[in-house]
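Just work.cif here, mmCIF, C-alpha atoms and all ligand atoms:
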```cif
data_structure
loop_
_atom_site.label_atom_id
_atom_site.label_comp_id
_atom_site.auth_asym_id
_atom_site.auth_seq_id
_atom_site.Cartn_x
_atom_site.Cartn_y
_atom_site.Cartn_z
CA MET A 1 176.03 32.08 78.80
CA ASN A 2 179.28 33.59 80.09
CA ILE A 3 179.97 36.86 78.28
CA ASN A 4 183.44 37.52 79.68
CA ASP A 5 186.50 36.71 77.57
CA THR A 6 188.26 33.45 78.40
CA ALA A 7 192.08 33.60 78.54
CA GLU A 8 192.16 32.35 74.95
CA GLN A 9 189.63 34.94 73.82
CA ALA A 10 191.50 37.71 75.60
CA ALA A 11 194.63 36.69 73.69
CA PHE A 12 192.65 36.73 70.44
CA ARG A 13 191.29 40.18 71.26
CA THR A 14 194.83 41.46 71.77
CA GLU A 15 195.87 39.90 68.47
CA VAL A 16 193.02 41.61 66.56
CA ARG A 17 193.59 44.95 68.30
CA GLU A 18 197.32 44.89 67.58
CA TRP A 19 196.74 43.82 64.00
CA ILE A 20 194.34 46.74 63.42
CA GLU A 21 196.87 49.08 65.01
CA LYS A 22 199.67 47.85 62.76
CA SER A 23 198.00 46.86 59.49
CA VAL A 24 194.93 49.04 58.85
CA PRO A 25 195.83 52.22 56.96
CA PRO A 26 195.21 55.32 59.14
CA ALA A 27 192.72 56.72 56.60
CA LEU A 28 190.47 53.71 57.25
CA LYS A 29 190.45 54.04 61.03
CA GLY A 30 188.29 56.20 63.26
CA LEU A 31 185.50 56.43 60.67
CA ARG A 32 182.00 57.15 61.87
CA GLN A 33 180.29 54.74 59.56
CA GLY A 34 178.08 53.14 62.16
CA ILE A 35 174.97 55.07 61.39
CA VAL A 36 174.99 55.32 57.65
CA GLN A 37 173.69 53.11 54.92
CA GLY A 38 174.59 55.27 51.95
CA PRO A 39 176.98 54.22 49.25
CA GLY A 40 179.81 54.28 51.79
CA LEU A 41 183.44 54.06 50.77
CA SER A 42 184.39 53.17 47.22
CA GLN A 43 185.86 49.80 46.35
CA GLU A 44 189.16 51.54 45.53
CA ALA A 45 189.33 53.23 48.92
CA LEU A 46 188.86 49.87 50.61
CA GLN A 47 191.49 48.04 48.56
CA PRO A 48 194.40 48.51 51.02
CA LEU A 49 192.24 47.07 53.81
CA ASP A 50 191.18 44.14 51.64
CA LYS A 51 194.81 43.42 50.81
CA ALA A 52 195.84 43.45 54.46
CA LEU A 53 192.89 41.25 55.46
CA ASP A 54 193.66 38.85 52.64
CA GLU A 55 197.28 38.48 53.75
CA LYS A 56 196.09 37.70 57.26
CA GLY A 57 193.38 35.26 56.04
CA TRP A 58 190.61 37.42 57.53
CA LEU A 59 188.75 38.50 54.39
CA ALA A 60 185.62 36.63 55.41
CA PRO A 61 185.66 36.05 59.18
CA HIS A 62 182.33 34.17 59.12
CA TRP A 63 183.14 31.81 56.25
CA PRO A 64 184.40 28.30 56.95
CA LYS A 65 188.10 27.69 56.33
CA GLU A 66 187.44 25.19 53.52
CA TYR A 67 186.09 28.05 51.39
CA GLY A 68 188.90 30.45 52.23
CA GLY A 69 187.24 32.14 55.22
CA ALA A 70 188.80 32.71 58.63
CA GLY A 71 186.54 30.03 60.16
CA PHE A 72 186.10 31.98 63.39
CA ASP A 73 183.93 30.51 66.08
CA LEU A 74 181.18 32.61 67.61
CA GLY A 75 183.30 34.11 70.37
CA GLN A 76 186.01 35.09 67.90
CA LEU A 77 183.46 36.60 65.52
CA VAL A 78 182.02 38.77 68.27
CA ILE A 79 185.48 39.91 69.38
CA PHE A 80 186.53 40.59 65.79
CA THR A 81 183.43 42.74 65.17
CA GLU A 82 183.83 44.58 68.48
CA GLU A 83 187.45 45.44 67.81
CA PHE A 84 186.77 46.64 64.26
CA ASP A 85 183.90 48.78 65.50
CA ARG A 86 185.93 50.11 68.41
CA ALA A 87 188.64 51.23 66.00
CA GLY A 88 186.09 52.65 63.51
CA VAL A 89 187.28 50.38 60.70
CA PRO A 90 184.74 49.69 57.93
CA ASP A 91 183.56 46.13 57.59
CA ARG A 92 183.16 44.15 54.39
CA HIS A 93 179.41 43.56 54.32
CA THR A 94 178.36 42.84 50.74
CA SER A 95 175.46 40.93 49.26
CA GLY A 96 177.94 38.46 47.77
CA LEU A 97 179.77 37.71 51.01
CA ASP A 98 176.85 37.75 53.40
CA MET A 99 173.85 36.64 51.37
CA LEU A 100 174.80 34.68 48.28
CA ALA A 101 177.89 32.86 49.52
CA PRO A 102 176.17 30.98 52.39
CA ILE A 103 173.49 29.96 49.87
CA LEU A 104 176.04 28.66 47.38
CA MET A 105 177.80 26.75 50.17
CA ARG A 106 174.48 25.07 51.01
CA TYR A 107 172.63 24.73 47.70
CA GLY A 108 175.25 25.38 44.99
CA SER A 109 176.80 22.73 42.74
CA ASP A 110 180.51 21.96 43.09
CA GLU A 111 181.11 23.87 39.85
CA GLN A 112 179.25 26.93 41.16
CA LYS A 113 181.23 26.88 44.41
CA GLU A 114 184.45 26.53 42.48
CA LYS A 115 183.59 29.29 40.03
CA PHE A 116 182.11 31.91 42.36
CA LEU A 117 183.18 31.58 45.98
CA THR A 118 186.82 32.63 45.81
CA PRO A 119 186.27 35.57 43.39
CA THR A 120 183.37 36.72 45.61
CA LEU A 121 185.59 36.49 48.67
CA ARG A 122 188.26 38.60 47.02
CA GLY A 123 185.77 41.13 45.68
CA GLU A 124 186.61 40.20 42.08
CA ILE A 125 182.95 39.36 41.45
CA THR A 126 180.36 41.67 43.00
CA TRP A 127 176.66 40.80 43.20
CA ALA A 128 173.32 42.54 42.92
CA GLN A 129 170.08 41.08 44.27
CA GLY A 130 167.23 40.62 41.79
CA TYR A 131 164.19 39.88 43.95
CA SER A 132 161.72 42.81 43.86
CA GLU A 133 159.51 43.64 40.90
CA PRO A 134 157.11 46.56 40.42
CA GLN A 135 154.21 44.29 41.50
CA ALA A 136 156.15 42.05 43.86
CA GLY A 137 157.84 43.58 46.90
CA SER A 138 156.42 42.51 50.24
CA ASP A 139 154.38 39.98 48.36
CA LEU A 140 157.47 38.48 46.77
CA ALA A 141 155.78 35.22 45.79
CA SER A 142 153.79 37.09 43.15
CA LEU A 143 156.97 37.70 41.14
CA ALA A 144 156.48 37.24 37.44
CA LEU A 145 159.78 37.69 35.58
CA LYS A 146 159.18 35.26 32.74
CA CYS A 147 161.68 32.45 32.28
CA GLU A 148 161.44 29.85 29.53
CA VAL A 149 163.40 26.66 29.95
CA THR A 150 164.94 25.74 26.58
CA ASP A 151 167.76 23.50 25.34
CA GLU A 152 169.82 26.64 24.90
CA GLY A 153 169.36 27.61 28.54
CA PHE A 154 166.95 29.86 30.43
CA ILE A 155 165.47 32.80 28.52
CA LEU A 156 164.47 35.76 30.68
CA ASN A 157 162.00 38.52 29.87
CA GLY A 158 160.73 41.10 32.36
CA GLN A 159 161.82 43.55 34.98
CA LYS A 160 163.32 43.82 38.46
CA ILE A 161 163.30 47.00 40.52
CA TRP A 162 165.24 48.47 43.48
CA THR A 163 168.26 46.44 42.42
CA SER A 164 170.88 47.99 44.69
CA LYS A 165 174.22 48.65 43.01
CA ALA A 166 173.29 46.75 39.82
CA HIS A 167 175.07 49.51 37.88
CA VAL A 168 178.39 48.62 39.52
CA SER A 169 177.90 44.88 40.03
CA ASP A 170 179.26 42.09 37.86
CA TRP A 171 176.54 39.50 38.43
CA ILE A 172 173.00 39.33 39.74
CA PHE A 173 171.22 36.51 41.61
CA VAL A 174 167.71 36.61 40.32
CA LEU A 175 164.37 35.01 41.13
CA VAL A 176 162.39 34.04 38.04
CA ARG A 177 159.03 32.43 37.24
CA THR A 178 159.73 29.09 35.54
CA ASP A 179 156.21 27.69 35.97
CA THR A 180 152.93 29.62 36.03
CA ASN A 181 150.71 26.57 36.25
CA VAL A 182 151.03 26.04 39.99
CA GLU A 183 148.67 25.75 42.96
CA ARG A 184 150.85 27.75 45.36
CA ARG A 185 152.51 30.90 44.02
CA GLN A 186 155.65 29.93 45.94
CA ASP A 187 156.04 26.99 43.56
CA GLY A 188 157.32 27.53 40.04
CA ILE A 189 160.02 30.00 41.08
CA SER A 190 163.71 29.36 40.32
CA PHE A 191 166.94 30.96 41.54
CA LEU A 192 169.47 31.83 38.82
CA LEU A 193 172.89 33.44 38.59
CA CYS A 194 173.14 35.88 35.70
CA ASP A 195 176.17 37.69 34.31
CA LEU A 196 175.15 41.35 34.35
CA LYS A 197 178.13 42.65 32.42
CA ASN A 198 178.27 40.12 29.58
CA SER A 199 174.66 39.08 28.91
CA PRO A 200 173.13 40.76 25.84
CA GLY A 201 169.60 42.09 26.52
CA ILE A 202 170.14 43.53 30.01
CA THR A 203 169.46 47.23 30.61
CA VAL A 204 170.19 48.84 33.97
CA ARG A 205 168.41 52.17 34.49
CA ASN A 206 169.17 54.35 37.50
CA ILE A 207 166.77 55.56 40.21
CA ILE A 208 168.09 58.52 42.20
CA THR A 209 166.75 58.57 45.76
CA ILE A 210 165.77 61.55 47.92
CA ASP A 211 169.28 61.72 49.40
CA GLY A 212 170.68 62.30 45.91
CA PHE A 213 172.55 58.99 45.77
CA HIS A 214 172.51 56.55 42.89
CA HIS A 215 172.07 53.32 44.79
CA PHE A 216 168.97 51.82 43.15
CA ASN A 217 168.18 50.68 39.65
CA GLU A 218 165.54 49.15 37.47
CA THR A 219 166.96 46.13 35.69
CA PHE A 220 165.31 44.99 32.46
CA PHE A 221 165.71 41.58 30.83
CA ASP A 222 165.00 41.29 27.12
CA ASN A 223 165.54 37.74 25.84
CA VAL A 224 168.51 37.29 28.15
CA VAL A 225 170.02 33.81 27.97
CA VAL A 226 171.29 32.25 31.20
CA PRO A 227 173.18 28.94 30.91
CA LYS A 228 171.53 25.92 32.52
CA GLU A 229 174.43 25.38 34.90
CA ASN A 230 173.58 28.71 36.57
CA LEU A 231 170.47 27.32 38.27
CA VAL A 232 170.97 27.16 42.06
CA GLY A 233 169.06 24.36 43.77
CA GLU A 234 166.23 22.63 41.96
CA LEU A 235 164.11 23.96 39.11
CA ASN A 236 160.83 25.45 40.41
CA LYS A 237 162.05 25.12 44.00
CA GLY A 238 163.77 28.50 44.19
CA TRP A 239 161.47 29.74 46.95
CA THR A 240 163.33 27.63 49.52
CA VAL A 241 166.64 29.12 48.38
CA ALA A 242 165.17 32.64 48.29
CA LYS A 243 163.85 32.40 51.84
CA ALA A 244 167.13 31.06 53.21
CA LEU A 245 168.92 34.00 51.61
CA LEU A 246 166.48 36.48 53.15
CA GLY A 247 167.27 34.97 56.55
CA HIS A 248 170.94 35.80 56.02
CA GLU A 249 170.04 39.29 54.77
CA ARG A 250 167.97 40.02 57.88
CA PHE A 251 170.54 38.60 60.28
CA MET A 252 173.75 39.93 58.74
CA HIS A 253 172.82 43.43 57.70
CA PRO A 254 174.57 46.28 59.52
CA THR A 255 171.21 47.66 60.70
CA SER A 256 170.92 44.52 62.85
CA ASP A 257 174.38 45.08 64.32
CA PRO A 258 174.26 46.34 67.93
CA TYR A 259 177.94 47.26 67.86
CA LYS A 260 177.33 49.72 65.06
CA MET A 261 174.41 51.19 66.92
CA GLY A 262 176.52 51.52 70.06
CA ARG A 263 179.10 53.46 68.10
CA ALA A 264 176.44 55.69 66.58
CA VAL A 265 175.19 56.55 70.08
CA ASP A 266 178.77 57.16 71.27
CA ASN A 267 179.21 59.56 68.36
CA LEU A 268 176.09 61.52 69.12
CA LYS A 269 177.07 61.67 72.81
CA ALA A 270 180.39 63.16 71.78
CA SER A 271 178.54 65.78 69.69
CA ALA A 272 176.17 66.58 72.58
CA ARG A 273 179.14 67.14 74.91
CA GLU A 274 180.46 69.80 72.52
CA MET A 275 177.23 71.41 71.33
CA PRO A 276 176.68 74.77 73.09
CA ALA A 277 173.25 75.15 74.74
CA GLY A 278 171.85 77.54 77.36
CA GLY A 279 175.23 78.72 78.55
CA GLY A 280 176.55 75.17 78.86
CA VAL A 281 176.48 72.19 76.52
CA LEU A 282 173.59 70.03 75.35
CA TRP A 283 174.80 67.10 77.44
CA ASP A 284 173.81 69.03 80.59
CA ASP A 285 170.17 68.36 79.69
CA ALA A 286 168.96 65.43 81.83
CA ARG A 287 166.11 64.62 79.41
CA LEU A 288 168.55 64.15 76.58
CA ARG A 289 170.75 61.91 78.73
CA GLN A 290 167.66 59.89 79.63
CA ARG A 291 166.87 59.31 75.95
CA VAL A 292 170.46 58.23 75.37
CA VAL A 293 170.40 55.78 78.27
CA SER A 294 167.12 54.32 77.08
CA MET A 295 168.70 53.67 73.67
CA GLU A 296 171.78 52.17 75.25
CA MET A 297 169.56 49.77 77.18
CA ASP A 298 167.76 48.77 73.98
CA ILE A 299 171.10 48.21 72.28
CA ASP A 300 172.26 46.02 75.16
CA CYS A 301 169.05 43.98 74.96
CA MET A 302 169.64 43.49 71.27
CA ARG A 303 173.30 42.58 71.82
CA TYR A 304 172.51 39.87 74.37
CA THR A 305 169.56 38.52 72.43
CA ARG A 306 171.78 38.26 69.40
CA LEU A 307 174.47 36.50 71.42
CA ARG A 308 171.86 34.06 72.70
CA ALA A 309 170.81 33.23 69.14
CA LEU A 310 174.39 32.93 67.96
CA SER A 311 175.33 30.67 70.84
CA LYS A 312 172.49 28.31 69.85
CA VAL A 313 173.81 28.21 66.31
CA GLN A 314 177.26 27.47 67.66
CA LYS A 315 175.91 24.49 69.59
CA GLY A 316 174.39 23.18 66.37
CA GLU A 317 170.84 24.15 67.37
CA GLU A 318 168.42 26.21 65.31
CA PRO A 319 168.28 29.85 66.42
CA GLY A 320 165.00 30.55 68.18
CA PRO A 321 162.17 32.90 67.25
CA GLU A 322 164.21 35.83 68.59
CA THR A 323 166.01 36.09 65.25
CA MET A 324 162.74 37.28 63.74
CA ILE A 325 162.92 40.54 65.66
CA PHE A 326 166.47 41.56 64.77
CA LYS A 327 165.71 43.17 61.46
CA MET A 328 162.60 45.00 62.61
CA PHE A 329 163.83 46.05 66.06
CA GLY A 330 167.29 46.95 64.74
CA ALA A 331 165.98 49.09 61.88
CA GLU A 332 163.52 50.95 64.12
CA LEU A 333 166.14 51.50 66.80
CA MET A 334 168.57 52.83 64.23
CA GLN A 335 165.93 55.31 63.09
CA LYS A 336 165.40 56.45 66.69
CA ILE A 337 169.15 56.97 67.05
CA VAL A 338 169.19 59.05 63.87
CA ASP A 339 166.23 61.11 65.10
CA LEU A 340 168.08 61.81 68.33
CA HIS A 341 171.19 62.67 66.34
CA GLN A 342 169.17 65.21 64.41
CA ASP A 343 167.88 66.70 67.69
CA VAL A 344 171.43 66.96 68.99
CA MET A 345 172.75 68.58 65.84
CA GLY A 346 169.94 71.13 65.62
CA PRO A 347 170.37 73.43 62.59
CA ALA A 348 173.75 71.80 61.84
CA GLY A 349 171.87 68.55 61.24
CA THR A 350 170.34 70.01 58.10
CA ILE A 351 173.70 70.40 56.37
CA TRP A 352 173.49 68.26 53.29
CA GLU A 353 177.13 67.64 52.49
CA ALA A 354 180.08 67.01 54.82
CA SER A 355 179.41 68.81 58.07
CA PRO A 356 182.20 71.06 59.37
CA ILE A 357 181.02 70.31 62.90
CA GLU A 358 181.23 66.56 62.50
CA GLY A 359 184.41 66.94 60.53
CA GLU A 360 183.59 64.20 58.02
CA THR A 361 180.83 62.81 55.84
CA GLY A 362 179.50 60.24 58.31
CA GLU A 363 176.44 61.87 59.82
CA THR A 364 175.09 64.70 57.76
CA ALA A 365 171.42 65.22 56.90
CA ARG A 366 171.92 63.40 53.64
CA HIS A 367 172.94 60.23 55.40
CA ASP A 368 170.36 60.64 58.13
CA THR A 369 167.68 60.80 55.42
CA ASN A 370 168.96 57.56 54.00
CA ILE A 371 168.18 55.63 57.20
CA ARG A 372 164.44 55.93 56.48
CA ALA A 373 164.98 53.03 54.06
CA ALA A 374 166.01 50.68 56.87
CA THR A 375 162.43 49.76 57.76
CA ILE A 376 161.66 48.96 54.10
CA ARG A 377 164.60 47.01 52.72
CA GLY A 378 164.78 43.26 53.27
CA GLY A 379 161.13 43.17 54.39
CA THR A 380 159.19 46.15 55.77
CA SER A 381 158.47 46.49 59.49
CA GLU A 382 154.75 45.99 58.87
CA VAL A 383 155.39 42.73 57.09
CA GLN A 384 157.90 41.62 59.75
CA ARG A 385 155.20 42.21 62.36
CA ASN A 386 152.80 40.06 60.35
CA ILE A 387 155.37 37.28 60.15
CA ILE A 388 156.11 37.44 63.89
CA ALA A 389 152.38 37.45 64.68
CA LYS A 390 151.74 34.43 62.51
CA ARG A 391 154.82 32.27 62.76
CA VAL A 392 156.17 33.11 66.20
CA LEU A 393 153.07 34.00 68.21
CA GLY A 394 150.74 31.69 66.28
CA LEU A 395 148.06 34.37 65.87
CA PRO A 396 145.38 33.90 63.19
CA ASP A 397 145.52 35.77 59.83
C1 LIG A 401 167.59 50.39 50.80
C2 LIG A 401 166.86 49.35 50.01
C3 LIG A 401 167.57 48.44 49.27
C4 LIG A 401 166.89 47.49 48.52
N1 LIG A 401 167.64 46.64 47.74
C5 LIG A 401 167.00 45.73 47.01
C6 LIG A 401 167.76 44.86 46.16
O1 LIG A 401 168.99 44.98 46.06
N2 LIG A 401 167.10 43.94 45.44
C7 LIG A 401 165.76 43.79 45.51
O2 LIG A 401 165.25 42.91 44.86
N3 LIG A 401 164.99 44.62 46.26
C8 LIG A 401 165.59 45.59 47.01
N4 LIG A 401 164.85 46.44 47.78
C9 LIG A 401 163.39 46.37 47.70
C10 LIG A 401 162.71 45.85 48.97
O3 LIG A 401 162.90 44.49 49.12
C11 LIG A 401 161.24 46.23 48.86
O4 LIG A 401 161.16 47.65 48.86
C12 LIG A 401 160.44 45.70 50.02
O5 LIG A 401 160.35 44.30 49.94
C13 LIG A 401 159.02 46.31 50.03
O6 LIG A 401 158.39 46.15 48.80
P1 LIG A 401 157.75 47.38 48.01
O7 LIG A 401 158.73 48.49 47.98
O8 LIG A 401 157.22 46.86 46.73
O9 LIG A 401 156.55 47.88 48.93
P2 LIG A 401 155.10 47.24 49.01
O10 LIG A 401 155.23 45.75 49.20
O11 LIG A 401 154.29 47.72 47.89
O12 LIG A 401 154.58 47.86 50.36
C14 LIG A 401 154.08 49.19 50.42
C15 LIG A 401 153.61 49.46 51.85
O13 LIG A 401 152.54 48.55 52.18
C16 LIG A 401 152.85 47.81 53.35
N5 LIG A 401 152.35 46.45 53.23
C17 LIG A 401 152.50 45.62 52.17
N6 LIG A 401 151.91 44.44 52.42
C18 LIG A 401 151.41 44.52 53.66
C19 LIG A 401 150.68 43.61 54.50
N7 LIG A 401 150.38 42.37 54.10
N8 LIG A 401 150.32 44.03 55.73
C20 LIG A 401 150.61 45.28 56.18
N9 LIG A 401 151.29 46.18 55.42
C21 LIG A 401 151.68 45.80 54.19
C22 LIG A 401 154.36 47.82 53.44
O14 LIG A 401 154.82 47.63 54.77
C23 LIG A 401 154.70 49.20 52.89
O15 LIG A 401 154.60 50.15 53.91
C24 LIG A 401 165.47 47.43 48.53
C25 LIG A 401 164.75 48.36 49.27
C26 LIG A 401 165.43 49.31 50.00
C27 LIG A 401 164.61 50.34 50.75
#
```

Let me see the structure of the file written as structure tokens.
Ligand SMILES: Cc1cc2nc3c(=O)[nH]c(=O)nc-3n(C[C@H](O)[C@H](O)[C@H](O)COP(=O)(O)OP(=O)(O)OC[C@H]3O[C@@H](n4cnc5c(N)ncnc54)[C@H](O)[C@@H]3O)c2cc1C
Amino acid sequence: MNINDTAEQAAFRTEVREWIEKSVPPALKGLRQGIVQGPGLSQEALQPLDKALDEKGWLAPHWPKEYGGAGFDLGQLVIFTEEFDRAGVPDRHTSGLDMLAPILMRYGSDEQKEKFLTPTLRGEITWAQGYSEPQAGSDLASLALKCEVTDEGFILNGQKIWTSKAHVSDWIFVLVRTDTNVERRQDGISFLLCDLKNSPGITVRNIITIDGFHHFNETFFDNVVVPKENLVGELNKGWTVAKALLGHERFMHPTSDPYKMGRAVDNLKASAREMPAGGGVLWDDARLRQRVVSMEMDIDCMRYTRLRALSKVQKGEEPGPETMIFKMFGAELMQKIVDLHQDVMGPAGTIWEASPIEGETGETARHDTNIRAATIRGGTSEVQRNIIAKRVLGLPD
């Protein structure tokens, strides 16, 4: 694997860099978003960027051209991400773009693709994920949201929990129990698309997390009717669809993105170079520099492992078992970076709102607290370890 830019790639890099320079509004450049997972920027704040990306045809760099994406190859995708991260420009990771859309492209009907892909691309339809239930998190196959199949459509009764952004989303993709009389719990599950805004019987109730943000919700379904054409894939075979979507969630999420981590470390290095300590600055401390270098080495390992997996995909091969570690390793590494950031900031790291030292909202205690969730969402680290032990290493239960 050659990791240097070819002449063509170098030209593409220049194109992306110059485009960012010229077309991204100054307020959306130089942001220190790399480390945070909080609510981030509002949809309104991002609109000028979306408009510029849309005009250039770069709204969804990883989508194929036939669905309105940029159709970038692997090399271009990497360069695109690097240049956006270098310039501190926020990316457009959403559950619609990164999780649902690839699923609709693979399993959706022509009507579903027609109806949902373009509005999702343009941000006109936003999506929540309805997987977890109070008794079904890690053990997702025990989900029980009741779904009757009738001539009228599907009728849903039950509850989902931890539904991120359901209060501001238009639709929800939801896993339901369409058959209880099954040998394997993974059977009898179906994958539906449900209109959150216009379906009578849906109640979205907020959960405020320790960082004070409203990100989570409980979503209740009381005789909610979902039209039959909103079934994705086959009836009772939703587990296959659900698992494929989780693969995209674990691969695409910013916590698996080494470029973001690299930027987070660069930011904390910059803080350490300014932070007074013992008559000099914190950066003079060799032990601190050693911790930083160790993290940078981990990030590089992750970057090249990710490139190896992506290059297999590009050659039409299945990515190897290494993809299993991205979510777990990335989330744990991000937490280590945040811990080090807290050490660097000292008392200033406890400031809850925008820190005058950092100069913006990116890395205050509130956001650093939020990163604790990284090893839970999309499959906890403990469960990831179980999966790796069983499926990759072939160890017994
Ligand atoms: C930031 C964030 C966003 C989320 N967004 C969504 C969303 O939009 N939609 C959605 O549906 N869900 C969402 N979730 C929920 C998430 O998928 C679940 O929290 C996760 O699957 C864990 O389930 P649980 O919380 O029920 O914990 P549990 O499954 O009850 O686990 C509790 C503890 O037990 C451990 N444990 C469980 N089983 C085992 C085992 N077999 N071996 C060893 N240890 C085990 C776990 O690791 C964990 O530490 C989100 C969660 C977070 C943190």

- Message: Set the distance at 8 Å and use all atoms listed in the file: which residues neighbour Tyr67 in chain A once local chain neighbours fewer than 3 positions away are removed? I'd like the list as an NGL selection string.
- Response: :A and (63-64 or 117-118)

Pull C-alpha atoms from the residues just selected and write them as a CSV table (one decimal), keeping the file's coordinate frame.
```csv
chain,number,residue,atom,x,y,z
A,63,TRP,CA,183.1,31.8,56.2
A,64,PRO,CA,184.4,28.3,57.0
A,117,LEU,CA,183.2,31.6,46.0
A,118,THR,CA,186.8,32.6,45.8
```

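The list of residues with at least one atom within 9 Å of Arg177 in chain A, based on only C-alpha atoms and without residues fewer than 4 positions apart in the same chain, reads Leu143, Ala144, Leu145, Lys146, Cys147, Glu148, Asp187, Gly188, Ile189, Ser190 and Asn236 of chain A.
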
- Task: Considering all atoms listed in the file, state which residue in the set A:Pro258, A:Gly153, A:Gly130, A:Gly88 is at the smallest distance from ligand LIG 401 (chain A).
- Result: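 For ligand LIG 401 (chain A), the nearest of the given residues is A:Gly130.
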
Which residues come within 7 Å of range 78-81 of chain A, counting only C-alpha atoms, excluding same-chain residues fewer than 4 positions away, as a PDB file with C-alpha atoms, keeping the file's coordinate frame?
```pdb
ATOM      1  CA  ARG A  13     191.290  40.180  71.260  1.00  0.00           C
ATOM      2  CA  VAL A  16     193.020  41.610  66.560  1.00  0.00           C
ATOM      3  CA  LEU A  74     181.180  32.610  67.610  1.00  0.00           C
ATOM      4  CA  ASP A  85     183.900  48.780  65.500  1.00  0.00           C
TER       5      ASP A  85
END
```

- Query: Which distance in Å separates CA of Gly379 in chain A and CA of Ser138 in chain A, to one decimal?
  - Reply: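 If I compute the distance from CA of Gly379 in chain A to CA of Ser138 in chain A, I get 6.3 Å.
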
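For the set A:Ser381, A:Ser271, A:Gln186, A:Ser95, the residue with the smallest atom-to-atom gap to Ser169 in chain A is A:Ser95, counting only C-alpha atoms.
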
- Which polymer residues have any atom within 10 Å of an atom of Gly71 in chain A, counting only C-alpha atoms, with same-chain residues fewer than 3 positions away left out, as a ChimeraX atom specification? /A:57-58,60-68,74,76-77

Can you list every residue of chain A that has an atom at most 6 Å from ligand LIG 401 (chain A), with its nearest atom pair and the distance in Å to one decimal, using all atoms listed in the file, ordered by chain then number, as a Markdown table?
```
| residue | atom | partner | partner_atom | distance |
| --- | --- | --- | --- | --- |
| A:Ala128 | CA | A:LIG401 | O1 | 5.9 |
| A:Gln129 | CA | A:LIG401 | N2 | 4.3 |
| A:Gly130 | CA | A:LIG401 | O2 | 4.3 |
| A:Tyr131 | CA | A:LIG401 | O2 | 3.3 |
| A:Ser132 | CA | A:LIG401 | O2 | 3.7 |
| A:Ala136 | CA | A:LIG401 | O8 | 5.7 |
| A:Gly137 | CA | A:LIG401 | O6 | 3.2 |
| A:Ser138 | CA | A:LIG401 | O10 | 3.6 |
| A:Asp139 | CA | A:LIG401 | O10 | 5.9 |
| A:Trp162 | CA | A:LIG401 | C8 | 4.6 |
| A:Thr163 | CA | A:LIG401 | O1 | 4.0 |
| A:Ser164 | CA | A:LIG401 | O1 | 3.8 |
| A:Ala373 | CA | A:LIG401 | C27 | 4.3 |
| A:Ile376 | CA | A:LIG401 | C27 | 4.7 |
| A:Arg377 | CA | A:LIG401 | C26 | 3.7 |
| A:Gly378 | CA | A:LIG401 | O3 | 4.7 |
| A:Gly379 | CA | A:LIG401 | O5 | 4.7 |
| A:Thr380 | CA | A:LIG401 | O14 | 4.7 |
| A:Glu382 | CA | A:LIG401 | O14 | 4.4 |
| A:Val383 | CA | A:LIG401 | N8 | 5.4 |
```

- Message: Which residues are close to Ile210 in chain A, i.e. within 12 Å by all atoms listed in the file, leaving aside same-chain residues fewer than 2 positions away? Reply as an MDAnalysis selection string.
- Response: chainID A and resid 38 207:208 212:216 352 365:373

Taking every listed atom of range 75-85 of chain A and adding 4 Å to each side, what centre and edge lengths in Å (one decimal) does the axis-aligned box have, as JSON?
```
{"center_x": 184.7, "center_y": 41.4, "center_z": 67.3, "size_x": 13.4, "size_y": 22.7, "size_z": 14.1}
```

- Figure out the distance between CA of Val89 in chain A and CA of Pro26 in chain A, please, to one decimal in Å. 9.5 Å

- Message: Considering all atoms listed in the file, can you say which of A:Trp239, A:Phe84, A:Phe220, A:Phe173 comes closest to Thr126 in chain A?
- Response: A:Phe173

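Taking all atoms listed in the file into account, Thr120 in chain A lies nearest to A:Leu100 out of the set A:Leu100, A:Leu268, A:Val174, A:Leu196.
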
- Task: Give the answer as one residue: which of A:Met295, A:Val149, A:Leu245, A:Ala272 has the shortest atom-to-atom distance to Val225 in chain A, using all atoms listed in the file?
- Result: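 Ranked by minimum distance to Val225 in chain A, first place goes to A:Val149.
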
- To one decimal place, how far is CA of Gln335 in chain A from CA of Gly394 in chain A in Å?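 Those two atoms sit 28.3 Å apart.
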
- Query: Using only C-alpha atoms, which of A:Arg273, A:Lys327, A:Lys56, A:Asp284 sits nearest Glu15 in chain A?
  - Reply: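 Smallest separation from Glu15 in chain A among the options: A:Lys56.
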